[in-house]
Structures are given as C-alpha cells and as structure tokens.
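One file, entry_2.txt, carrying compact mmCIF, C-alpha atoms:
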```txt
# COMPACT_ATOMS: atom_id res chain seq x y z
CA MET Q 722 -135.86 -26.78 -6.16
CA ASN Q 723 -135.63 -30.05 -8.01
CA MET Q 724 -134.84 -28.41 -11.33
CA SER Q 725 -131.41 -28.96 -12.85
CA MET Q 726 -129.17 -25.89 -12.94
CA LYS Q 727 -129.28 -26.03 -16.73
CA ASP Q 728 -133.08 -26.00 -16.86
CA TRP Q 729 -133.06 -23.30 -14.22
CA THR Q 730 -130.72 -21.14 -16.27
CA ILE Q 731 -132.70 -21.53 -19.50
CA SER Q 732 -135.94 -20.77 -17.66
CA LEU Q 733 -134.42 -17.68 -16.11
CA LEU Q 734 -133.12 -16.49 -19.48
CA PHE Q 735 -136.51 -16.72 -21.16
CA THR Q 736 -138.51 -15.29 -18.29
CA SER Q 737 -136.70 -12.87 -16.03
CA VAL Q 738 -133.66 -11.85 -18.09
CA LEU Q 739 -135.61 -10.92 -21.22
CA THR Q 740 -138.53 -9.25 -19.48
CA THR Q 741 -136.46 -7.31 -16.94
CA ILE Q 742 -134.50 -5.66 -19.73
CA ILE Q 743 -137.73 -4.78 -21.55
CA ALA Q 744 -139.48 -3.61 -18.37
CA ASN Q 745 -136.51 -1.47 -17.41
CA PHE Q 746 -136.73 0.20 -20.81
CA PHE Q 747 -140.46 0.89 -20.50
CA GLN Q 748 -140.34 2.03 -16.88
CA ASN Q 749 -137.12 4.00 -16.72
CA ASP Q 750 -136.13 4.71 -20.31
CA ILE Q 751 -132.89 2.85 -19.79
CA SER Q 752 -131.67 1.45 -23.09
CA ILE Q 753 -131.53 -2.28 -23.58
CA LEU Q 754 -127.73 -2.30 -23.87
CA GLU Q 755 -127.34 -0.31 -20.65
CA SER Q 756 -129.52 -2.78 -18.76
CA VAL Q 757 -127.65 -5.88 -19.89
CA PRO Q 758 -124.72 -5.81 -17.41
CA GLY Q 759 -126.98 -5.18 -14.40
CA VAL Q 760 -129.43 -7.90 -15.35
CA LEU Q 761 -126.62 -10.36 -15.96
CA ILE Q 762 -125.03 -9.51 -12.60
CA LEU Q 763 -128.34 -10.03 -10.77
CA SER Q 764 -128.90 -13.28 -12.65
CA SER Q 765 -125.41 -14.49 -11.77
CA ILE Q 766 -125.96 -13.70 -8.10
CA ALA Q 767 -129.24 -15.62 -8.31
CA PHE Q 768 -127.42 -18.52 -9.97
CA ILE Q 769 -124.75 -18.65 -7.26
CA GLY Q 770 -127.39 -18.46 -4.52
CA ILE Q 771 -129.49 -21.26 -6.00
CA PHE Q 772 -126.38 -23.36 -6.49
CA ILE Q 773 -125.38 -22.87 -2.84
CA ALA Q 774 -128.93 -23.79 -1.79
CA LYS Q 775 -128.52 -27.07 -3.66
CA LEU Q 776 -125.30 -27.86 -1.79
CA VAL Q 777 -126.37 -26.83 1.71
CA PRO Q 778 -128.70 -29.41 3.27
CA LEU Q 779 -130.44 -26.89 5.57
CA LYS Q 780 -134.18 -26.42 5.09
CA ILE Q 781 -134.05 -22.74 4.22
CA PRO Q 782 -135.76 -21.28 1.13
CA ALA Q 783 -133.34 -20.91 -1.79
CA VAL Q 784 -134.15 -17.21 -2.23
CA VAL Q 785 -132.57 -16.58 1.17
CA TYR Q 786 -129.22 -17.78 -0.16
CA VAL Q 787 -129.70 -15.56 -3.20
CA ALA Q 788 -130.28 -12.47 -1.05
CA LEU Q 789 -127.34 -13.34 1.21
CA THR Q 790 -125.05 -13.82 -1.80
CA GLY Q 791 -126.07 -10.39 -3.08
CA LEU Q 792 -125.54 -8.88 0.36
CA LEU Q 793 -122.06 -10.35 0.66
CA LEU Q 794 -120.94 -9.38 -2.85
CA ALA Q 795 -122.15 -5.80 -2.44
CA SER Q 796 -120.88 -5.30 1.12
CA PRO Q 797 -117.77 -3.25 1.87
CA ILE Q 798 -115.63 -6.39 2.29
CA SER Q 799 -116.25 -7.44 -1.31
CA PRO Q 800 -113.54 -6.37 -3.80
CA ILE Q 801 -116.10 -6.19 -6.60
CA SER Q 802 -118.78 -4.28 -4.70
CA ASP Q 803 -118.40 -1.04 -6.68
CA PRO Q 804 -119.20 -2.36 -10.16
CA ILE Q 805 -121.96 -4.58 -8.76
CA ILE Q 806 -123.65 -1.68 -6.99
CA TYR Q 807 -123.24 0.62 -9.97
CA TYR Q 808 -124.60 -1.68 -12.70
CA THR Q 809 -127.46 -3.09 -10.63
CA SER Q 810 -128.53 0.41 -9.60
CA LEU Q 811 -129.52 0.94 -13.25
CA ILE Q 812 -132.14 -1.79 -12.87
CA SER Q 813 -135.17 -0.54 -10.96
CA PHE Q 814 -136.58 -2.94 -8.41
CA THR Q 815 -139.98 -2.94 -10.10
CA ALA Q 816 -138.55 -4.14 -13.43
CA PRO Q 817 -137.91 -7.80 -12.46
CA ILE Q 818 -141.25 -8.36 -10.70
CA THR Q 819 -143.71 -7.94 -13.57
CA VAL Q 820 -142.88 -11.40 -14.90
CA VAL Q 821 -143.14 -12.83 -11.39
CA GLY Q 822 -146.73 -11.58 -11.17
CA THR Q 823 -147.39 -12.95 -14.66
CA LEU Q 824 -146.20 -16.45 -13.82
CA ALA Q 825 -147.96 -16.47 -10.46
CA GLY Q 826 -151.17 -15.34 -12.18
CA ILE Q 827 -150.92 -18.02 -14.86
CA GLY Q 828 -150.33 -20.62 -12.17
CA LEU Q 829 -153.19 -19.44 -9.98
CA ASP Q 830 -155.97 -21.93 -9.43
CA PHE Q 831 -158.80 -19.49 -10.06
CA LYS Q 832 -161.46 -22.21 -9.88
CA ALA Q 833 -160.33 -23.12 -6.39
CA PHE Q 834 -160.42 -19.45 -5.50
CA MET Q 835 -163.98 -19.02 -6.76
CA SER Q 836 -165.12 -22.09 -4.85
CA GLN Q 837 -164.12 -20.56 -1.54
CA SER Q 838 -166.74 -19.26 0.84
CA TRP Q 839 -167.20 -15.50 1.23
CA LYS Q 840 -166.54 -15.95 4.93
CA MET Q 841 -163.04 -17.12 4.19
CA VAL Q 842 -162.44 -14.08 1.97
CA ILE Q 843 -163.36 -11.81 4.87
CA ILE Q 844 -161.10 -13.77 7.21
CA ALA Q 845 -158.26 -13.56 4.69
CA VAL Q 846 -158.60 -9.77 4.61
CA PHE Q 847 -158.33 -9.69 8.40
CA VAL Q 848 -155.39 -12.12 8.37
CA PHE Q 849 -153.37 -9.83 6.12
CA THR Q 850 -154.53 -6.59 7.72
CA GLY Q 851 -153.70 -7.93 11.18
CA THR Q 852 -150.24 -9.14 10.22
CA PHE Q 853 -149.34 -5.95 8.42
CA LEU Q 854 -150.67 -3.60 11.10
CA LEU Q 855 -149.18 -5.35 14.11
CA GLN Q 856 -145.81 -5.76 12.40
CA ALA Q 857 -145.92 -2.03 11.65
CA VAL Q 858 -146.74 -1.28 15.30
CA PHE Q 859 -143.92 -3.51 16.57
CA ALA Q 860 -141.46 -2.07 14.06
CA GLN Q 861 -142.44 1.48 15.01
CA VAL Q 862 -142.06 0.73 18.73
CA PHE Q 863 -138.68 -0.94 18.38
CA LEU Q 864 -137.35 1.63 15.95
CA THR Q 865 -138.28 4.31 18.49
CA VAL Q 866 -136.89 2.40 21.46
CA THR Q 867 -133.58 1.66 19.74
CA ASN Q 868 -133.42 5.20 18.37
CA ALA Q 869 -132.82 3.90 14.88
CA PHE Q 870 -134.55 6.58 12.81
CA MET D 1102 -128.00 -36.80 -14.10
CA LYS D 1103 -128.86 -39.31 -16.85
CA LYS D 1104 -132.48 -39.34 -15.85
CA ALA D 1105 -133.23 -35.89 -17.18
CA SER D 1106 -131.37 -36.45 -20.44
CA GLN D 1107 -134.36 -35.72 -22.66
CA LYS D 1108 -134.71 -32.35 -20.99
CA THR D 1109 -131.15 -31.21 -20.98
CA THR D 1110 -130.93 -29.90 -24.54
CA ILE D 1111 -131.81 -26.25 -24.83
CA LEU D 1112 -133.91 -26.96 -27.88
CA GLY D 1113 -135.89 -29.64 -26.12
CA HIS D 1114 -136.53 -27.31 -23.22
CA LEU D 1115 -137.75 -24.59 -25.55
CA LYS D 1116 -139.92 -26.93 -27.56
CA GLU D 1117 -141.69 -27.91 -24.38
CA ASN D 1118 -142.14 -24.45 -22.95
CA TYR D 1119 -142.03 -21.93 -25.82
CA ARG D 1120 -145.77 -21.24 -25.64
CA LEU D 1121 -145.64 -20.39 -21.97
CA TYR D 1122 -142.59 -18.16 -22.42
CA ALA D 1123 -144.12 -16.37 -25.40
CA ILE D 1124 -147.44 -15.74 -23.66
CA ALA D 1125 -145.72 -14.60 -20.46
CA PHE D 1126 -143.52 -12.28 -22.52
CA GLY D 1127 -146.59 -10.84 -24.25
CA ILE D 1128 -148.36 -10.26 -20.96
CA VAL D 1129 -145.32 -8.45 -19.54
CA ILE D 1130 -145.23 -6.15 -22.60
CA ILE D 1131 -148.93 -5.32 -22.26
CA ALA D 1132 -148.57 -4.71 -18.51
CA GLU D 1133 -145.56 -2.45 -19.08
CA LEU D 1134 -147.41 -0.53 -21.81
CA ILE D 1135 -150.19 0.16 -19.31
CA GLY D 1136 -147.44 1.31 -16.98
CA THR D 1137 -147.71 2.66 -13.45
CA ILE D 1138 -150.96 4.41 -12.60
CA LYS D 1139 -151.22 6.68 -9.59
CA PHE D 1140 -154.29 8.37 -8.24
CA ASN D 1141 -155.61 9.76 -4.98
CA ILE D 1142 -158.51 8.47 -2.97
CA GLY D 1143 -158.95 10.96 -0.19
CA SER D 1144 -155.46 11.46 1.21
CA ALA D 1145 -154.28 7.99 0.18
CA LEU D 1146 -152.08 7.72 -2.90
CA ILE D 1147 -153.04 4.53 -4.70
CA VAL D 1148 -150.29 3.10 -6.90
CA LEU D 1149 -151.04 0.41 -9.47
CA TYR D 1150 -147.93 -1.30 -10.79
CA PRO D 1151 -147.42 -3.25 -14.01
CA MET D 1152 -147.07 -6.36 -11.81
CA LEU D 1153 -150.67 -5.98 -10.69
CA PHE D 1154 -151.92 -5.65 -14.26
CA ALA D 1155 -149.81 -8.66 -15.20
CA ILE D 1156 -151.48 -10.75 -12.49
CA ILE D 1157 -154.97 -9.75 -13.61
CA ILE D 1158 -154.28 -10.25 -17.33
CA SER D 1159 -152.68 -13.63 -16.76
CA ILE D 1160 -155.56 -14.85 -14.60
CA ILE D 1161 -158.01 -13.82 -17.34
CA LEU D 1162 -155.97 -15.53 -20.07
CA GLY D 1163 -155.26 -18.48 -17.80
CA LYS D 1164 -156.69 -21.97 -17.72
CA ASP D 1165 -159.78 -21.24 -15.65
CA VAL D 1166 -161.17 -18.18 -17.43
CA LEU D 1167 -160.35 -17.87 -21.15
CA GLY D 1168 -158.23 -21.00 -21.24
CA PHE D 1169 -155.36 -19.74 -23.38
CA LEU D 1170 -153.02 -21.77 -21.24
CA LYS D 1171 -153.27 -25.43 -20.45
CA LYS D 1172 -153.23 -27.01 -17.06
CA LYS D 1173 -149.73 -28.32 -17.62
CA GLU D 1174 -148.47 -24.85 -18.47
CA ALA D 1175 -150.14 -23.38 -15.41
CA LYS D 1176 -148.31 -25.91 -13.28
CA LYS D 1177 -145.02 -25.10 -14.99
CA ALA D 1178 -145.66 -21.38 -14.46
CA SER D 1179 -146.11 -21.94 -10.73
CA SER D 1180 -142.78 -23.70 -10.51
CA LEU D 1181 -141.14 -20.86 -12.46
CA VAL D 1182 -142.28 -18.21 -9.97
CA LEU D 1183 -139.40 -19.15 -7.70
CA VAL D 1184 -136.96 -18.98 -10.60
CA ALA D 1185 -138.17 -15.62 -11.83
CA ILE D 1186 -138.19 -13.97 -8.42
CA SER D 1187 -134.57 -14.80 -7.65
CA PRO D 1188 -133.02 -11.81 -9.52
CA PHE D 1189 -135.33 -9.55 -7.51
CA MET D 1190 -134.06 -11.14 -4.30
CA ALA D 1191 -130.51 -10.67 -5.62
CA LYS D 1192 -131.29 -6.98 -6.12
CA ILE D 1193 -132.53 -6.74 -2.53
CA GLY D 1194 -129.37 -8.47 -1.33
CA VAL D 1195 -127.21 -5.98 -3.22
CA MET D 1196 -129.19 -3.06 -1.80
CA ALA D 1197 -128.76 -4.48 1.70
CA GLY D 1198 -125.03 -5.04 1.19
CA SER D 1199 -124.49 -1.49 -0.01
CA ASN D 1200 -126.48 -0.10 2.94
CA LEU D 1201 -125.01 -2.40 5.55
CA PRO D 1202 -124.56 0.21 8.34
CA GLU D 1203 -128.20 1.21 7.93
CA LEU D 1204 -129.28 -2.43 8.13
CA VAL D 1205 -127.26 -3.04 11.29
CA ASN D 1206 -128.74 0.11 12.78
CA VAL D 1207 -132.33 -1.08 12.39
CA GLY D 1208 -131.45 -4.74 12.94
CA PRO D 1209 -133.01 -5.14 16.41
CA ALA D 1210 -136.30 -3.58 15.29
CA LEU D 1211 -136.23 -5.79 12.20
CA VAL D 1212 -135.99 -8.90 14.34
CA PHE D 1213 -138.57 -7.86 16.91
CA GLN D 1214 -141.23 -6.79 14.44
CA GLU D 1215 -141.46 -10.46 13.41
CA PHE D 1216 -143.44 -10.96 16.61
CA GLY D 1217 -146.11 -8.76 15.05
CA THR D 1218 -147.12 -11.94 13.26
CA ILE D 1219 -149.42 -12.68 16.21
CA GLY D 1220 -151.55 -9.84 14.79
CA THR D 1221 -152.79 -12.41 12.28
CA MET D 1222 -154.54 -14.25 15.06
CA LEU D 1223 -155.55 -11.24 17.17
CA PHE D 1224 -157.51 -9.64 14.35
CA ALA D 1225 -158.75 -12.62 12.42
CA LEU D 1226 -159.65 -15.24 15.04
CA PRO D 1227 -162.54 -13.31 16.69
CA ILE D 1228 -163.93 -12.52 13.24
CA ALA D 1229 -163.69 -16.16 12.21
CA LEU D 1230 -165.53 -17.25 15.34
CA LEU D 1231 -168.22 -14.60 14.89
CA LEU D 1232 -168.71 -15.90 11.35
CA GLY D 1233 -169.37 -19.33 12.80
CA LEU D 1234 -166.18 -21.19 11.97
CA LYS D 1235 -164.99 -23.91 14.30
CA ARG D 1236 -161.62 -25.68 14.07
CA GLU D 1237 -161.08 -24.28 10.57
CA ALA D 1238 -160.40 -20.99 12.30
CA ILE D 1239 -157.28 -22.45 13.93
CA GLY D 1240 -155.63 -23.21 10.61
CA ALA D 1241 -156.91 -20.09 8.91
CA THR D 1242 -155.70 -17.58 11.48
CA SER D 1243 -152.49 -19.13 12.82
CA SER D 1244 -150.38 -17.52 10.08
CA THR D 1245 -150.67 -15.92 6.65
CA ASN D 1246 -150.76 -19.52 5.40
CA ARG D 1247 -148.05 -19.49 2.77
CA ASP D 1248 -146.80 -22.82 1.37
CA LYS D 1249 -144.78 -23.89 4.34
CA ASP D 1250 -147.37 -22.90 6.92
CA TYR D 1251 -149.97 -24.96 5.09
CA GLY D 1252 -147.55 -27.87 5.01
CA LEU D 1253 -146.99 -27.51 8.73
CA ILE D 1254 -150.72 -27.50 9.54
CA CYS D 1255 -151.17 -30.58 7.35
CA SER D 1256 -148.43 -32.52 9.06
CA LYS D 1257 -149.67 -31.52 12.51
CA TYR D 1258 -153.41 -32.03 12.09
CA GLY D 1259 -153.63 -34.18 8.96
CA ALA D 1260 -154.47 -33.03 5.45
CA ASN D 1261 -158.18 -33.83 5.86
CA SER D 1262 -158.59 -32.06 9.19
CA PRO D 1263 -160.76 -28.95 9.53
CA GLU D 1264 -157.60 -27.06 10.55
CA ALA D 1265 -155.96 -27.93 7.22
CA ARG D 1266 -159.12 -26.99 5.30
CA GLY D 1267 -159.06 -23.54 6.90
CA SER D 1268 -155.39 -23.14 6.16
CA LEU D 1269 -155.83 -24.18 2.54
CA SER D 1270 -158.64 -21.66 2.06
CA ILE D 1271 -156.48 -18.78 3.22
CA TYR D 1272 -153.61 -20.14 1.16
CA ILE D 1273 -155.72 -20.05 -2.00
CA ILE D 1274 -157.46 -16.75 -1.30
CA GLY D 1275 -154.31 -15.24 0.15
CA PHE D 1276 -152.47 -14.99 -3.12
CA LEU D 1277 -155.08 -12.78 -4.77
CA ILE D 1278 -155.98 -10.86 -1.61
CA GLY D 1279 -152.35 -10.58 -0.57
CA THR D 1280 -150.98 -9.12 -3.77
CA THR D 1281 -153.85 -6.85 -4.71
CA TYR D 1282 -154.96 -5.80 -1.26
CA LEU D 1283 -151.63 -5.42 0.51
CA GLY D 1284 -150.50 -2.59 -1.78
CA LEU D 1285 -153.81 -0.85 -1.15
CA LEU D 1286 -153.54 -1.42 2.58
CA ALA D 1287 -150.01 0.02 2.56
CA SER D 1288 -151.32 3.15 0.79
CA ILE D 1289 -154.16 3.61 3.23
CA VAL D 1290 -152.05 3.04 6.34
CA ALA D 1291 -149.38 5.37 4.95
CA SER D 1292 -152.01 8.10 4.51
CA PHE D 1293 -152.66 8.07 8.28
CA ASP D 1294 -149.19 9.53 8.60
CA PHE D 1295 -148.77 7.72 11.87
CA PHE D 1296 -146.09 5.14 11.07
CA HIS D 1297 -142.55 5.85 9.96
CA PRO D 1298 -141.95 4.73 6.35
CA LEU D 1299 -139.30 2.28 7.54
CA ALA D 1300 -141.73 0.67 10.00
CA LEU D 1301 -144.21 0.16 7.16
CA ALA D 1302 -141.41 -1.24 5.02
CA MET D 1303 -140.63 -3.87 7.64
CA ALA D 1304 -144.32 -4.70 7.96
CA SER D 1305 -144.41 -5.51 4.24
CA GLY D 1306 -142.27 -8.59 4.72
CA ILE D 1307 -144.82 -11.27 5.46
CA GLY D 1308 -143.13 -14.31 4.01
CA SER D 1309 -144.21 -14.06 0.39
CA GLY D 1310 -141.94 -12.37 -2.14
CA VAL D 1311 -144.74 -11.38 -4.51
CA MET D 1312 -146.79 -9.75 -1.77
CA MET D 1313 -143.77 -8.02 -0.31
CA ALA D 1314 -142.94 -6.65 -3.76
CA ALA D 1315 -146.49 -5.31 -4.16
CA ALA D 1316 -146.57 -3.57 -0.79
CA SER D 1317 -143.02 -2.22 -0.77
CA SER D 1318 -143.07 -0.83 -4.32
CA THR D 1319 -146.22 1.08 -3.41
CA LEU D 1320 -144.52 2.47 -0.29
CA ALA D 1321 -141.41 3.37 -2.29
CA THR D 1322 -143.54 5.47 -4.63
CA ILE D 1323 -145.28 7.21 -1.74
CA TYR D 1324 -141.98 7.97 0.03
CA PRO D 1325 -139.44 8.54 -2.78
CA ALA D 1326 -136.84 9.85 -0.32
CA TYR D 1327 -136.79 6.47 1.42
CA ALA D 1328 -137.34 4.33 -1.68
CA ASP D 1329 -134.12 2.30 -1.54
CA GLN D 1330 -134.28 1.74 2.21
CA ILE D 1331 -137.92 0.68 1.96
CA ILE D 1332 -137.24 -1.98 -0.64
CA MET D 1333 -134.16 -3.17 1.20
CA LEU D 1334 -135.85 -3.43 4.60
CA ALA D 1335 -139.02 -5.01 3.22
CA GLY D 1336 -136.86 -7.58 1.48
CA MET D 1337 -134.80 -8.31 4.57
CA SER D 1338 -137.95 -8.57 6.69
CA ASP D 1339 -139.42 -10.97 4.16
CA MET D 1340 -136.25 -13.02 4.18
CA LEU D 1341 -136.36 -13.20 7.96
CA SER D 1342 -140.00 -14.28 7.83
CA ALA D 1343 -139.08 -16.95 5.31
CA ILE D 1344 -136.46 -18.35 7.68
CA THR D 1345 -138.23 -18.01 11.02
CA GLY D 1346 -141.88 -18.07 9.95
CA ILE D 1347 -142.51 -21.78 10.21
CA TYR D 1348 -140.93 -22.03 13.68
CA PHE D 1349 -142.89 -19.01 14.77
CA THR D 1350 -146.12 -20.63 13.63
CA LEU D 1351 -145.24 -23.93 15.28
CA PHE D 1352 -143.99 -22.73 18.66
CA ILE D 1353 -145.78 -19.42 19.22
CA SER D 1354 -148.77 -18.81 16.95
CA LEU D 1355 -150.36 -22.25 17.02
CA PRO D 1356 -150.27 -22.77 20.80
CA LEU D 1357 -151.51 -19.22 21.27
CA VAL D 1358 -154.29 -19.52 18.74
CA ASN D 1359 -155.42 -22.78 20.39
CA LYS D 1360 -155.51 -21.10 23.81
CA VAL D 1361 -157.45 -18.09 22.61
CA TYR D 1362 -159.79 -20.38 20.70
CA ALA D 1363 -160.53 -22.32 23.88
CA ILE D 1364 -161.36 -19.09 25.69
CA LEU D 1365 -163.28 -17.29 22.95
CA GLU D 1366 -165.12 -20.08 21.18
CA PRO D 1367 -167.61 -20.87 23.99
CA ARG D 1368 -168.35 -17.15 24.28
CA ILE D 1369 -168.63 -15.81 20.77
CA GLY D 1370 -168.64 -18.96 18.62
CA ARG D 1371 -171.97 -19.66 16.98
CA ARG D 1372 -173.78 -22.64 18.43
CA GLY D 1373 -175.97 -25.14 16.72
CA LYS D 1374 -175.30 -25.91 13.11
CA ASN D 1375 -171.79 -27.12 12.94
CA LYS D 1376 -171.79 -27.02 9.20
CA ASN D 1377 -168.29 -26.65 8.00
CA VAL D 1378 -167.62 -23.77 5.71
CA ALA D 1379 -165.24 -23.93 2.80
CA PRO D 1380 -165.44 -27.26 1.02
CA ALA D 1381 -161.76 -26.82 0.17
CA LYS D 1382 -161.03 -28.19 -3.25
CA SER D 1383 -157.75 -29.95 -3.63
CA ALA D 1384 -155.66 -27.08 -4.86
CA GLU D 1385 -152.81 -27.74 -7.18
CA SER D 1386 -151.67 -24.17 -7.26
CA ARG D 1387 -148.41 -23.80 -5.52
CA ILE D 1388 -148.03 -20.10 -5.61
CA SER D 1389 -146.68 -17.82 -2.92
CA GLN D 1390 -143.13 -16.75 -2.46
```
What do you get writing this file as structure tokens?
Amino acid sequence: MNMSMKDWTISLLFTSVLTTIIANFFQNDISILESVPGVLILSSIAFIGIFIAKLVPLKIPAVVYVALTGLLLASPISPISDPIIYYTSLISFTAPITVVGTLAGIGLDFKAFMSQSWKMVIIAVFVFTGTFLLQAVFAQVFLTVTNAF
Amino acid sequence: MKKASQKTTILGHLKENYRLYAIAFGIVIIAELIGTIKFNIGSALIVLYPMLFAIIISIILGKDVLGFLKKKEAKKASSLVLVAISPFMAKIGVMAGSNLPELVNVGPALVFQEFGTIGTMLFALPIALLLGLKREAIGATSSTNRDKDYGLICSKYGANSPEARGSLSIYIIGFLIGTTYLGLLASIVASFDFFHPLALAMASGIGSGVMMAAASSTLATIYPAYADQIIMLAGMSDMLSAITGIYFTLFISLPLVNKVYAILEPRIGRRGKNKNVAPAKSAESRISQ
C-alpha cells in the first residue's frame, strides 16, 4: 500500500462508499440515508486498519489489520460495540463487493488469460477444487472432533 | 510527502481518475439492476450475484475486449481492488467481534482446516503430470497461486524458471476460474448435503478476498439460517490464509509437491517431447485479494 492516506480516502469515497450505499438500496431496499452511518462506520474501520498497517512494519496484508480493527471495536470489551453492530448490520455483506468485482474485472489482463493453454485451465480447476474440498474435509473433521457444531 | 504534491488535491485526483470512477459506478448500477439470480440445476441451488455480473461486464468493457478503458485505467483499477475491499473486511471483522464466543468455539477447527491446502497438490499434481507438464507443475500446484505465492515461487526458482511460468499461469487463470467457478463449486458441494455449512464456510477462505466473497455469499443464500456465521467464518479463514499462506507454501506445500513430483513423474509423466506448455506472457494484472 504505497498510496497516501488522502488518495486512499478519496478513492474509497468514489468507489466503495458511493456504490455500497446504492447497492444496499437495490439489494435490500434500505434507503440511502439509512445506509450512510453503517457505510461510514465500515469505512472508518477500514481507514484505521490501513493506517495501522502503514505504521506496523510486519509483512502482513493490510486487510488483516482492517478485519482485526473491526473485530476489536465490535467485541464485548469495546464501549462502542452496540452502535457499531447495529448500524453495520443494516449493510448487507453483498453490498460492498459489487464494486470490488468491477475493479478486479477492469484490471484483469484478459489477453494474458486467453493466451494460456487449455491444459492450464484444467489444472486451475483442479487446484481450486482440491483446495476447497480438502479444506472442507479438514474443517468437517475438526469441527466434529472438537464438538463445535 | 512533498513528492506527491501534484496528486494531493482532491480536484487533481478526480481529474485523473473521474472516467474510471464513472464507468465503475455505471457498471455497479447495471449489475445491481440485474440483481441476484437463483435457479436450480438438479438439487444444486445456483446463485448468481451482482458481483459476478460486474466482473463479466467490466471484462467486456475493459481494455482487451471493447476497449472502453485504457491500459492505465486498468492498472489503476487493479490497485483500487485492495482499497475497495477493505470495508467488506471491516464488515467481516465486526461480524466476528459480535460473534466472538462462536469464533472461539470453532477456533481450533478454523486453524486446522488450513492444512487442507495440501489438497491443491493432491488433486492437481497428478492431473498436471498426466497432461504432460514437467517442472511447471511444481509452481502451478503448490498453492492457489495468489500474488504472494507467485512472488515466493519467483524468488525461489527465478522469474524465468518453468516453476514460475506454471505459477503465473494459475495466477492469471485463477482469478476468472476462482471467482466464477468457486461459487458454483460451493453450490454443488452443498447439494451433496454431506458437509456442515460451517465447514464449507471455512473452506471458502483460500487467500483471496474476491473469491471468498463469491463462495461465501453463495453459501449464505443456500443456508440462510447460518448466513452471518458463514460470512464471518469464511472471512476469518481467508484472513488466516492471508497471514499463514505464504509460510505454508514455503515450508509444507513446496517440499511436499517436490517429493511427490519425484515419485510420480517417472511413473505417470509423459515422456518424449519436453515441449513446455503455457508461453506465459508477462502479466501486468495484479488482481487477487
């Protein structure tokens, strides 16, 4: 993340903040005004997390700090957990991701994709199937063993 | 601080990027107007989310197909993926914080399922060898090949090595396959009714936020009673993968994949023409996450 916090904030405003409010309206019929506090809270948590990531020299992806900041602020030890949980619950989790797909799609190197061999496409399918299936098997086994259902 | 002075005014920033923002905004509106489409194939409930439509529309409008966007904008868009996904990760954090006892309860399983990552190699390596790949197979099947894994393979074997070529191929193909196929795979596996919804949720975290979002939102629609827990656990699993993934690849997957390669290759690897597959164009796309 070599973007300045100011550039980061402007980018967030014109991508995620705007589109999440719109998407939340289309998907869940939640009015634009009702969505504003939740979106701003999530954006602020993201801002804090990214800022922490800039300060901490560990090589951990910045989104990890964002998730941990959210976890901490919404956990029972946080004095502001109630309003955070309430307002963000109005934002469905599928609302913020449409723009993520959009940007990833725009950035995709489709030419490079088309130039790949069909063999690699088959292998890619097996790579993802294998990872998903075996993680599911391991999760199922350990959930059963630890009686966590 | 002074260095970026021409960029620091809001107006300057907008002048540079307004086209990208406007087009992205338009694509989101179109994708949301299409909405969520659900249908059954056999006993599997297939769920198509606006995000999926957004990916397809933006690839079509993008620089390589219709060319509405320029190369520079495509590059900018890639760097904005990490910005735009952060509120979603914040949402997952909040969900985890408000369900902390639940998270602690499944914590051990959450950690151990990370070892399922060796499934990448178990399934894909024999196939790669049967298809006639040589050392490319090592890079291709040692992990799901997200940014950092590809970086690791490059630094270990060199960017021009066959291993790195294999890794790059899966990196490039993986984005499209991962986001479109993983949701489908989650639907199909869920229809077997064999795995607990929470186990499938954990399996969705494979170290890429976009892919995790695709798989877990599908699962949340299939199991509405578990929706919040599914998103929360998928997110936490993904976060764990993001932290541990590269070490896992380095210390467990790669040595293992090399061992299995040494055993299997003489047996099932195709002899003779050692023509390398995948010419591997230098990819500038830096997607994933």
- Excluding Thr1242 in chain D and any residue of its chain fewer than 2 positions from it, enumerate the residues within 10 Å of it, using all atoms listed in the file, and give them as a ChimeraX atom specification. /Q:844-845,847-849,851 /D:1219-1229,1237-1240,1244-1246,1264,1267-1268,1271,1354-1355,1358
- Excluding range 1305-1309 of chain D and residues on its chain fewer than 5 positions from it, collect all residues at most 9 Å away from it, counting all atoms listed in the file, and give them as a PyMOL selection string. (chain Q and resi 849+852-853+856-857) or (chain D and resi 1215+1218+1245+1247+1279+1283+1287+1300+1314-1317+1334-1344+1346+1389-1390)
- Query: So which residues touch Ile762 in chain Q within 10 Å, counting all atoms listed in the file, skipping near sequence neighbours fewer than 4 positions away, as a list in words?
  - Reply: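 Once the adjacent positions are removed, what remains is Val757, Pro758, Ile766, Ala767, Phe768, Gly791, Pro804, Ile805, Ile806, Tyr808 and Thr809 of chain Q; Pro1188, Ala1191 and Lys1192 of chain D.
With distances restricted to only C-alpha atoms, Q:Ile742 is the closest residue to Ile818 in chain Q from Q:Met726, Q:Ile742, Q:Ile731, Q:Val787.
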- Task: For CA of Tyr1282 in chain D and CA of Tyr1327 in chain D, determine how far apart the two atoms are, in Å to one decimal place.
- Result: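 Taking CA of Tyr1282 in chain D as the start and CA of Tyr1327 in chain D as the end point, the length is 22.1 Å.
Rounded to one decimal, CA of Phe747 in chain Q and CA of Phe814 in chain Q lie 13.3 Å from each other.
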- Item | Counting all atoms listed in the file, the option among D:Leu1231, D:Leu1253, D:Ala1326, D:Leu1320 closest to Pro1367 in chain D |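 Among D:Leu1231, D:Leu1253, D:Ala1326, D:Leu1320, it is D:Leu1231 that comes nearest to Pro1367 in chain D.
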